[in-house]
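A quick write-up on the structure given underneath.
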Amino acid sequence: MDNSKAQPQLIADGCVVSLAYQLRLDDGEVVDESGADEPLEFLQGSGEIISGLENELYGMKLGQERDITITSTDGYGEYDPDNKVSLPRDSFPPDLTLEEGMGLRMRDSQTDEVITAYISSFSKTSVHLDLNHPLAGETLHFHVQVVGIRHATDKEIAHDHAHAAGHRH
């Protein structure tokens, strides 16, 4: 890739974006944030971030700040009360300390997809898991600032995600 090209001026597909942000819920609770000193870095157009936020970033320029509201449909989806499962306690390692709200990465036996399930409750004999994302059903209120835009490397485009500085894949 020719690195002598001028850096992109606006966010578009194929750009690596560095984003400082704060995420609040309707009640004002801050649930996530990343400052300009440690921004979220992602490949625009690759689906690394939720679609609603990615779509709102197109055309923003370096240094620009903006408030963006994302509905659950374009965020983490609607909350599905039936998207839960119970498993026998002995299907988990005996030395695993379980906590309510704890996220566990699991492989779906039917699709072979890796999913994250959250412990809703547990007993000596069973573990009850919620397969909904913790922010499912929530309207998301972002305050974002674009702190970096650069062309993606050929490797980042091939891998369909941004690589952190010094990252080897």
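Labels for the structure tokens follow display order: chains A, B, ..., residues from 1 in each chain, ligands from 1.
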
Report task. Show which residues sit within 7 Å of Tyr79 of chain A, as an MDAnalysis selection string. Count only C-alpha atoms, and ignore same-chain residues fewer than 2 positions away. Result -> chainID A and resid 77 81 132 136:137

Name all residues at most 7 Å from segment 32-35 of chain A (count only C-alpha atoms; drop same-chain ones fewer than 6 positions away) and give them as a list of chain:residue names.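 Listed by chain and then number, they are A:Ala20, A:Tyr21, A:Gln22, A:Leu23.
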
Next, write the just-selected residues to a file, as an mmCIF file, in the first residue's frame, keeping N, CA and C atoms as the atom set.
data_model
loop_
_atom_site.group_PDB
_atom_site.id
_atom_site.type_symbol
_atom_site.label_atom_id
_atom_site.label_comp_id
_atom_site.auth_asym_id
_atom_site.auth_seq_id
_atom_site.Cartn_x
_atom_site.Cartn_y
_atom_site.Cartn_z
ATOM 1 N N ALA A 20 -13.113 8.777 20.337
ATOM 2 C CA ALA A 20 -13.343 8.968 21.769
ATOM 3 C C ALA A 20 -14.853 9.048 21.937
ATOM 4 N N TYR A 21 -15.391 8.417 22.974
ATOM 5 C CA TYR A 21 -16.848 8.425 23.116
ATOM 6 C C TYR A 21 -17.260 8.244 24.567
ATOM 7 N N GLN A 22 -18.498 8.614 24.814
ATOM 8 C CA GLN A 22 -19.157 8.305 26.072
ATOM 9 C C GLN A 22 -20.541 7.774 25.714
ATOM 10 N N LEU A 23 -20.933 6.675 26.342
ATOM 11 C CA LEU A 23 -22.218 6.042 26.087
ATOM 12 C C LEU A 23 -23.077 6.123 27.344
#

Quick one: contact table of segment 108-164 of chain A to segment 91-104 of chain A, 6 Å max, nearest atom pair and distance in Å to one decimal per residue, counting only C-alpha atoms, chain and number order, as JSON lines?
{"residue": "A:Thr116", "atom": "CA", "partner": "A:Leu104", "partner_atom": "CA", "distance": 5.4}
{"residue": "A:Ala117", "atom": "CA", "partner": "A:Leu104", "partner_atom": "CA", "distance": 5.3}
{"residue": "A:Tyr118", "atom": "CA", "partner": "A:Gly103", "partner_atom": "CA", "distance": 4.4}
{"residue": "A:Ile119", "atom": "CA", "partner": "A:Glu100", "partner_atom": "CA", "distance": 5.1}
{"residue": "A:Ser120", "atom": "CA", "partner": "A:Glu100", "partner_atom": "CA", "distance": 5.4}
{"residue": "A:Ser121", "atom": "CA", "partner": "A:Glu100", "partner_atom": "CA", "distance": 5.7}

Near Ala152 of chain A, within 12 Å and counting only C-alpha atoms, which residues show up once chain neighbours fewer than 3 positions away are dropped, as a PDB file with C-alpha atoms, in the first residue's frame?
ATOM      1  CA  MET A   1       0.000   0.000   0.000  1.00  0.00           C
ATOM      2  CA  ASP A   2       1.234   3.474  -0.835  1.00  0.00           C
ATOM      3  CA  ASN A   3       1.594   5.177   2.531  1.00  0.00           C
ATOM      4  CA  LYS A   5      -1.234   9.162   0.185  1.00  0.00           C
ATOM      5  CA  GLN A   7      -4.775  10.949   5.065  1.00  0.00           C
ATOM      6  CA  PRO A   8      -8.534  10.823   4.505  1.00  0.00           C
ATOM      7  CA  ILE A  11     -14.912   8.930   7.569  1.00  0.00           C
ATOM      8  CA  ALA A  12     -15.648   6.442   4.781  1.00  0.00           C
ATOM      9  CA  ASP A  13     -15.447   2.684   4.226  1.00  0.00           C
ATOM     10  CA  GLY A  14     -11.872   1.423   4.391  1.00  0.00           C
ATOM     11  CA  CYS A  15     -10.717   4.039   6.899  1.00  0.00           C
ATOM     12  CA  VAL A  16      -9.439   3.178  10.345  1.00  0.00           C
ATOM     13  CA  VAL A  17     -11.224   5.491  12.754  1.00  0.00           C
ATOM     14  CA  SER A  18     -10.071   6.417  16.251  1.00  0.00           C
ATOM     15  CA  GLU A  41     -10.141   2.022  16.915  1.00  0.00           C
ATOM     16  CA  PHE A  42     -12.051   0.189  14.175  1.00  0.00           C
ATOM     17  CA  LEU A  43     -12.246  -0.354  10.424  1.00  0.00           C
ATOM     18  CA  GLN A  44     -15.219   1.638   9.114  1.00  0.00           C
ATOM     19  CA  GLY A  45     -17.640  -0.470   7.084  1.00  0.00           C
ATOM     20  CA  SER A  46     -16.497  -3.820   8.501  1.00  0.00           C
ATOM     21  CA  GLY A 148      -8.055   9.923  14.162  1.00  0.00           C
ATOM     22  CA  ILE A 149      -8.757   8.865  10.572  1.00  0.00           C
ATOM     23  CA  LYS A 155      -3.640  -6.485   5.934  1.00  0.00           C
ATOM     24  CA  GLU A 156      -6.406  -4.731   7.894  1.00  0.00           C
ATOM     25  CA  ILE A 157      -8.659  -4.795   4.824  1.00  0.00           C
ATOM     26  CA  ALA A 158      -7.895  -8.501   4.254  1.00  0.00           C
ATOM     27  CA  HIS A 159      -8.651  -9.312   7.913  1.00  0.00           C
ATOM     28  CA  ASP A 160     -11.733  -7.017   7.944  1.00  0.00           C
ATOM     29  CA  HIS A 161     -10.724  -5.250  11.164  1.00  0.00           C
ATOM     30  CA  ALA A 162      -8.311  -2.627  12.470  1.00  0.00           C
ATOM     31  CA  HIS A 163      -5.024  -3.727  14.003  1.00  0.00           C
ATOM     32  CA  ALA A 164      -3.658  -2.005  17.061  1.00  0.00           C
TER      33      ALA A 164
END

Would you list, as a PyMOL selection string, the residues of chain A that end up in helix (DSSP H, G or I) under DSSP run on this structure's backbone? chain A and resi 51-57+72-74+89-91+154-159

Exercise for the section: To one decimal in Å, tell me the separation between atom CA of Asp37 of chain A and atom CA of Tyr76 of chain A. Expected result: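 That distance, rounded to one decimal, is 26.3 Å.
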
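Using only C-alpha atoms, the nearest neighbour of Thr69 of chain A within the list A:Ser109, A:Asn83, A:Thr139, A:Gln145 is A:Thr139.
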
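Each of A:Thr111, A:Thr71, A:Gln9, A:Ser123 was checked against Val147 of chain A using only C-alpha atoms; the smallest atom-to-atom distance is that of A:Gln9.
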
Residue with the minimum atom-to-atom distance to Lys61 of chain A, picked from A:Val114, A:Leu129, A:Leu135, A:Leu19 with only C-alpha atoms counted, is A:Leu19
